[in-house]
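Have a look at final06.pdb; it's PDB, C-alpha atoms:
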ATOM      1  CA  ARG A   1      95.649 144.782  28.317
ATOM      2  CA  ASP A   2      95.847 148.578  28.652
ATOM      3  CA  SER A   3      95.405 149.283  32.377
ATOM      4  CA  ASN A   4      93.921 152.721  31.677
ATOM      5  CA  LEU A   5      91.214 151.220  29.461
ATOM      6  CA  LEU A   6      90.531 148.494  32.022
ATOM      7  CA  ARG A   7      89.962 151.156  34.684
ATOM      8  CA  GLU A   8      87.947 153.335  32.320
ATOM      9  CA  PHE A   9      85.470 150.538  31.592
ATOM     10  CA  GLY A  10      85.611 148.907  35.008
ATOM     11  CA  VAL A  11      86.519 145.523  33.560
ATOM     12  CA  PRO A  12      87.731 142.913  36.075
ATOM     13  CA  GLY A  13      90.677 140.796  35.042
ATOM     14  CA  PRO A  14      93.863 141.271  33.049
ATOM     15  CA  SER A  15      92.375 142.293  29.693
ATOM     16  CA  LEU A  16      89.259 143.436  27.849
ATOM     17  CA  GLU A  17      88.905 139.980  26.275
ATOM     18  CA  GLY A  18      85.185 139.160  26.274
ATOM     19  CA  PHE A  19      84.099 142.744  26.908
ATOM     20  CA  LEU A  20      84.321 143.907  23.285
ATOM     21  CA  LEU A  21      81.032 143.607  21.425
ATOM     22  CA  PRO A  22      81.280 141.556  18.191
ATOM     23  CA  GLU A  23      79.434 143.670  15.646
ATOM     24  CA  THR A  24      79.916 145.409  12.332
ATOM     25  CA  TYR A  25      81.611 148.776  12.853
ATOM     26  CA  PHE A  26      82.268 151.761  10.620
ATOM     27  CA  VAL A  27      85.495 153.438  11.672
ATOM     28  CA  SER A  28      87.957 155.994  10.420
ATOM     29  CA  ARG A  29      90.939 154.680   8.487
ATOM     30  CA  LEU A  30      93.054 156.750  10.885
ATOM     31  CA  ILE A  31      91.807 155.044  14.053
ATOM     32  CA  ASP A  32      94.527 153.508  16.203
ATOM     33  CA  GLY A  33      94.370 150.287  18.214
ATOM     34  CA  ARG A  34      93.455 151.987  21.482
ATOM     35  CA  GLY A  35      90.683 153.980  19.789
ATOM     36  CA  LEU A  36      89.244 150.855  18.173
ATOM     37  CA  VAL A  37      89.266 148.933  21.449
ATOM     38  CA  ARG A  38      87.578 151.889  23.172
ATOM     39  CA  GLN A  39      84.838 151.881  20.522
ATOM     40  CA  LEU A  40      84.203 148.128  20.887
ATOM     41  CA  ALA A  41      84.212 148.358  24.685
ATOM     42  CA  THR A  42      81.828 151.324  24.572
ATOM     43  CA  MET A  43      79.375 149.353  22.439
ATOM     44  CA  PHE A  44      79.613 146.395  24.820
ATOM     45  CA  GLN A  45      78.846 148.712  27.740
ATOM     46  CA  ARG A  46      75.837 150.190  25.915
ATOM     47  CA  ALA A  47      74.516 146.726  25.044
ATOM     48  CA  TRP A  48      74.761 145.520  28.651
ATOM     49  CA  LYS A  49      71.264 145.277  30.135
ATOM     50  CA  PRO A  50      70.721 146.590  33.678
ATOM     51  CA  ASP A  51      69.171 143.346  34.951
ATOM     52  CA  TRP A  52      71.972 141.059  33.747
ATOM     53  CA  ASP A  53      74.166 141.640  36.800
ATOM     54  CA  ALA A  54      71.303 140.854  39.195
ATOM     55  CA  ARG A  55      70.339 137.733  37.254
ATOM     56  CA  ALA A  56      73.963 136.578  37.212
ATOM     57  CA  ALA A  57      74.291 137.203  40.956
ATOM     58  CA  ALA A  58      71.151 135.123  41.557
ATOM     59  CA  LEU A  59      72.964 132.248  39.826
ATOM     60  CA  GLY A  60      76.053 132.801  41.964
ATOM     61  CA  TRP A  61      78.077 134.347  39.137
ATOM     62  CA  SER A  62      80.067 137.526  38.796
ATOM     63  CA  ARG A  63      79.861 139.570  35.612
ATOM     64  CA  ARG A  64      83.135 137.997  34.479
ATOM     65  CA  ASP A  65      81.754 134.488  35.139
ATOM     66  CA  LEU A  66      78.722 135.270  33.001
ATOM     67  CA  VAL A  67      80.781 136.695  30.150
ATOM     68  CA  THR A  68      83.197 133.748  30.341
ATOM     69  CA  LEU A  69      80.407 131.181  30.004
ATOM     70  CA  ALA A  70      78.801 133.235  27.225
ATOM     71  CA  SER A  71      82.115 133.332  25.344
ATOM     72  CA  ILE A  72      82.228 129.525  25.349
ATOM     73  CA  ILE A  73      78.635 129.343  24.102
ATOM     74  CA  GLU A  74      79.546 131.823  21.357
ATOM     75  CA  GLY A  75      82.433 129.606  20.286
ATOM     76  CA  GLU A  76      80.275 126.479  20.133
ATOM     77  CA  ALA A  77      76.854 127.491  18.773
ATOM     78  CA  LYS A  78      76.625 128.012  15.025
ATOM     79  CA  VAL A  79      72.858 128.620  14.908
ATOM     80  CA  ASP A  80      70.828 130.742  17.293
ATOM     81  CA  GLU A  81      68.407 128.020  18.334
ATOM     82  CA  ASP A  82      71.328 125.963  19.693
ATOM     83  CA  ARG A  83      72.519 128.670  22.098
ATOM     84  CA  PRO A  84      70.094 127.913  25.004
ATOM     85  CA  LEU A  85      70.735 124.181  24.563
ATOM     86  CA  VAL A  86      74.522 124.566  24.579
ATOM     87  CA  ALA A  87      74.114 126.798  27.636
ATOM     88  CA  ALA A  88      72.066 124.056  29.303
ATOM     89  CA  VAL A  89      74.785 121.446  28.705
ATOM     90  CA  TYR A  90      77.438 123.632  30.323
ATOM     91  CA  THR A  91      75.311 124.765  33.263
ATOM     92  CA  ASN A  92      74.285 121.128  33.859
ATOM     93  CA  ARG A  93      77.945 120.112  33.871
ATOM     94  CA  LEU A  94      78.878 122.934  36.227
ATOM     95  CA  ARG A  95      76.062 121.948  38.583
ATOM     96  CA  ILE A  96      77.249 118.346  38.942
ATOM     97  CA  GLY A  97      80.977 119.154  38.980
ATOM     98  CA  MET A  98      81.655 117.647  35.560
ATOM     99  CA  PRO A  99      84.468 119.216  33.484
ATOM    100  CA  LEU A 100      83.109 121.518  30.782
ATOM    101  CA  GLN A 101      85.321 119.872  28.122
ATOM    102  CA  ALA A 102      84.711 122.804  25.792
ATOM    103  CA  ASP A 103      86.736 122.889  22.582
ATOM    104  CA  PRO A 104      86.813 126.739  22.390
ATOM    105  CA  THR A 105      88.767 126.802  25.649
ATOM    106  CA  VAL A 106      91.410 124.458  24.232
ATOM    107  CA  GLN A 107      91.629 126.477  21.017
ATOM    108  CA  TYR A 108      92.032 129.648  23.059
ATOM    109  CA  ALA A 109      94.731 128.065  25.246
ATOM    110  CA  ILE A 110      96.740 126.964  22.207
ATOM    111  CA  GLN A 111      96.361 130.322  20.468
ATOM    112  CA  LEU A 112      97.371 132.177  23.632
ATOM    113  CA  GLU A 113     100.553 130.116  23.860
ATOM    114  CA  THR A 114     101.502 129.738  20.193
ATOM    115  CA  GLY A 115      99.781 132.617  18.407
ATOM    116  CA  GLN A 116      98.156 130.112  16.039
ATOM    117  CA  ARG A 117      94.459 129.217  16.022
ATOM    118  CA  LYS A 118      93.623 125.563  15.410
ATOM    119  CA  PRO A 119      90.205 125.260  13.745
ATOM    120  CA  ARG A 120      90.319 121.496  14.227
ATOM    121  CA  LEU A 121      91.528 119.775  17.374
ATOM    122  CA  PHE A 122      93.168 116.354  17.612
ATOM    123  CA  GLU A 123      93.303 113.974  20.563
ATOM    124  CA  ARG A 124      96.724 115.212  21.689
ATOM    125  CA  ASP A 125      95.458 118.802  21.816
ATOM    126  CA  TYR A 126      93.098 117.994  24.676
ATOM    127  CA  GLN A 127      96.144 117.414  26.890
ATOM    128  CA  PHE A 128      97.554 120.894  26.195
ATOM    129  CA  PRO A 129      98.658 122.200  29.624
ATOM    130  CA  SER A 130      96.842 125.426  30.419
ATOM    131  CA  PRO A 131      94.492 126.843  33.082
ATOM    132  CA  PHE A 132      92.138 127.533  30.170
ATOM    133  CA  ASN A 133      91.915 123.886  29.089
ATOM    134  CA  THR A 134      88.563 122.740  30.504
ATOM    135  CA  TYR A 135      89.378 119.141  29.654
ATOM    136  CA  LEU A 136      92.038 119.329  32.373
ATOM    137  CA  ILE A 137      90.501 121.791  34.856
ATOM    138  CA  ARG A 138      87.033 121.876  36.393
ATOM    139  CA  GLY A 139      84.795 124.913  36.342
ATOM    140  CA  LEU A 140      85.104 128.001  34.187
ATOM    141  CA  PRO A 141      88.426 129.135  32.717
ATOM    142  CA  PRO A 142      90.100 132.170  34.337
ATOM    143  CA  THR A 143      88.802 134.702  31.796
ATOM    144  CA  PRO A 144      86.567 134.805  28.689
ATOM    145  CA  VAL A 145      87.895 132.947  25.649
ATOM    146  CA  GLY A 146      86.322 135.142  22.998
ATOM    147  CA  ALA A 147      83.816 137.892  22.366
ATOM    148  CA  PRO A 148      80.255 136.818  23.221
ATOM    149  CA  SER A 149      77.266 138.316  21.463
ATOM    150  CA  VAL A 150      74.187 139.583  23.269
ATOM    151  CA  LYS A 151      72.395 136.366  22.266
ATOM    152  CA  SER A 152      75.032 134.192  23.935
ATOM    153  CA  ILE A 153      74.921 136.248  27.131
ATOM    154  CA  GLU A 154      71.136 135.899  27.222
ATOM    155  CA  ALA A 155      71.439 132.142  26.617
ATOM    156  CA  ALA A 156      73.873 131.826  29.530
ATOM    157  CA  LEU A 157      71.349 133.592  31.765
ATOM    158  CA  ALA A 158      68.399 131.536  30.527
ATOM    159  CA  PRO A 159      69.555 128.049  29.476
ATOM    160  CA  ALA A 160      66.962 125.620  28.172
ATOM    161  CA  ASP A 161      65.310 123.410  30.776
ATOM    162  CA  VAL A 162      66.704 120.143  29.425
ATOM    163  CA  PRO A 163      68.756 117.294  30.969
ATOM    164  CA  TYR A 164      71.429 117.191  28.254
ATOM    165  CA  LEU A 165      75.095 116.712  29.136
ATOM    166  CA  TYR A 166      76.575 116.131  25.666
ATOM    167  CA  PHE A 167      76.402 117.470  22.130
ATOM    168  CA  VAL A 168      78.099 116.950  18.799
ATOM    169  CA  ALA A 169      77.968 119.074  15.651
ATOM    170  CA  GLY A 170      76.007 117.708  12.715
ATOM    171  CA  LEU A 171      76.674 118.194   9.022
ATOM    172  CA  ASP A 172      74.418 121.249   8.867
ATOM    173  CA  GLY A 173      76.162 123.046  11.728
ATOM    174  CA  LYS A 174      73.390 122.283  14.200
ATOM    175  CA  HIS A 175      74.164 120.133  17.216
ATOM    176  CA  VAL A 176      72.727 116.812  18.311
ATOM    177  CA  PHE A 177      72.172 116.750  22.075
ATOM    178  CA  SER A 178      72.229 113.714  24.375
ATOM    179  CA  ARG A 179      71.530 112.928  28.016
ATOM    180  CA  THR A 180      73.997 110.072  28.472
ATOM    181  CA  TYR A 181      77.436 109.176  27.158
ATOM    182  CA  PRO A 182      76.207 106.026  25.312
ATOM    183  CA  GLU A 183      73.566 108.178  23.557
ATOM    184  CA  HIS A 184      76.305 110.658  22.701
ATOM    185  CA  LEU A 185      78.500 107.935  21.198
ATOM    186  CA  ARG A 186      75.597 106.724  19.061
ATOM    187  CA  ALA A 187      74.980 110.289  17.847
ATOM    188  CA  ILE A 188      78.665 110.627  16.909
ATOM    189  CA  ALA A 189      78.550 107.335  15.026
ATOM    190  CA  ARG A 190      75.470 108.435  13.050
ATOM    191  CA  ILE A 191      77.076 111.741  12.116
ATOM    192  CA  ARG A 192      80.382 110.130  11.104
ATOM    193  CA  GLU A 193      78.482 107.666   8.898
ATOM    194  CA  ALA A 194      76.565 110.544   7.324
ATOM    195  CA  GLU A 195      79.887 112.297   6.662
ATOM    196  CA  ARG A 196      81.266 109.189   4.945
ATOM    197  CA  LEU A 197      78.151 108.898   2.784
ATOM    198  CA  ALA A 198      78.346 112.589   1.882
ATOM    199  CA  ARG A 199      81.986 112.219   0.803
ATOM    200  CA  ARG A 200      81.123 109.211  -1.375
ATOM    201  CA  THR A 201      78.230 110.973  -3.095
ATOM    202  CA  THR A 202      79.936 114.343  -3.629
ATOM    203  CA  PRO A 203      81.017 114.683  -7.283
ATOM    204  CA  ARG A 204      84.725 115.115  -7.805
ATOM    205  CA  ARG A 205      85.903 118.152  -9.745
TER     206      ARG A 205
END

Please render this file's structure as C-alpha cells.
Amino acid sequence: RDSNLLREFGVPGPSLEGFLLPETYFVSRLIDGRGLVRQLATMFQRAWKPDWDARAAALGWSRRDLVTLASIIEGEAKVDEDRPLVAAVYTNRLRIGMPLQADPTVQYAIQLETGQRKPRLFERDYQFPSPFNTYLIRGLPPTPVGAPSVKSIEAALAPADVPYLYFVAGLDGKHVFSRTYPEHLRAIARIREAERLARRTTPRR
C-alpha cells in the first residue's frame, strides 16, 4: 500500500495487489519488503504487452478491470487449457448481469478481514459481508484478488467462444463446464459420486 510505489508504477487503486508478477525470483537475502515489491512490480510492468490496454478498452475495461478479472481466473483455473473457458464463463455472466459467484473473491474477502485463508468454503461463507464477495455483489470486485499470470491476463482478453455459464472442478483438477443450471447440477452429482467411489477404493494405510 506504499503510496510512493503506487505513484512510481502508476497503479490505480489502494495497493499493488494484482500488479506483482507471480514468478520464480532470485533475490538477495538482504532485500527488504519494499525492494521485493519493487522487483515484482517491475517484472509485471515488463511483462505487460503494449496492446493489452487497447484490447481491454475495446471491451469497455480499464487496466484494473482486466487485472481484476484475470486474478479471478488465476484463482480458479488449475490447468492452462481451462483458462479461456473459465474466462468465458465470467465474461458471459458479466454480459447478462449475472453475479460472478467466484470462490476466489470470497476467499480473498475472508482473508482480508481475518488474516486467515480458507482453502475450502462452506455454505455460510458465501454470505460473508464484503464488497469483494461476488456472491453478494454484481460485477467485478473493487480490486484484484490475487496475482494473475500472463496466461490469465491473455485468457481474460480472449475468452473461448462458448455459451457456458457454470463450471465445477473434477477429480483431476480440470473443470467440467455447463450451459444451464440443471446441467451443472448433474455434473456436480457425477463428480461427487466419483469422489465417493475413489474414497471407497483407496487403500487405507

### Selection result of the PyMOL selection byres ((chain A and resi 112-120) around 12) on this file, as number ranges by chain
A: 17, 75-76, 103-111, 121-126, 128-133, 145-146

### Query
Quick one, how far is CA of Glu195 in chain A from CA of Ala88 in chain A?
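It comes out at 26.7 Å.
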
### Message
What's around Glu183 in chain A at 12 Å? Count only C-alpha atoms, leave out sequence neighbours fewer than 4 positions away in its own chain, and write the answer as a list in words.
### Response
Tyr164, Leu165, Tyr166, Phe167, Val168, Val176, Phe177, Ser178, Arg179, Ala187, Ile188, Ala189 and Arg190 of chain A

### Task
Go through A:Asn4, A:Thr91, A:Pro22, A:Gly170 and flag the residue nearest Leu59 in chain A, using all atoms listed in the file for the distances.
A:Thr91

### Task
Determine, counting all atoms listed in the file, which protein, DNA and RNA residues have an atom within 12 Å of an atom of Ser3 in chain A; residues of the same chain fewer than 4 positions away are not included. Present the result as a VMD selection string.
chain A and resid 7 to 16 34

### Task
In Å, rounded to a single decimal, give me how far CA of Leu21 in chain A is from CA of Tyr90 in chain A.
22.2 Å

### Given all atoms listed in the file as the counted atoms, nearest of A:Gly18, A:Pro84, A:Pro142, A:Gly35 to His175 in chain A
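For His175 in chain A, the nearest of the given residues is A:Pro84.
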
### Top pick for closest residue to Leu20 in chain A, considering A:Leu171, A:Ala41, A:Asp53, A:Gly33 and counting only C-alpha atoms
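Smallest distance to Leu20 in chain A is found for A:Ala41.
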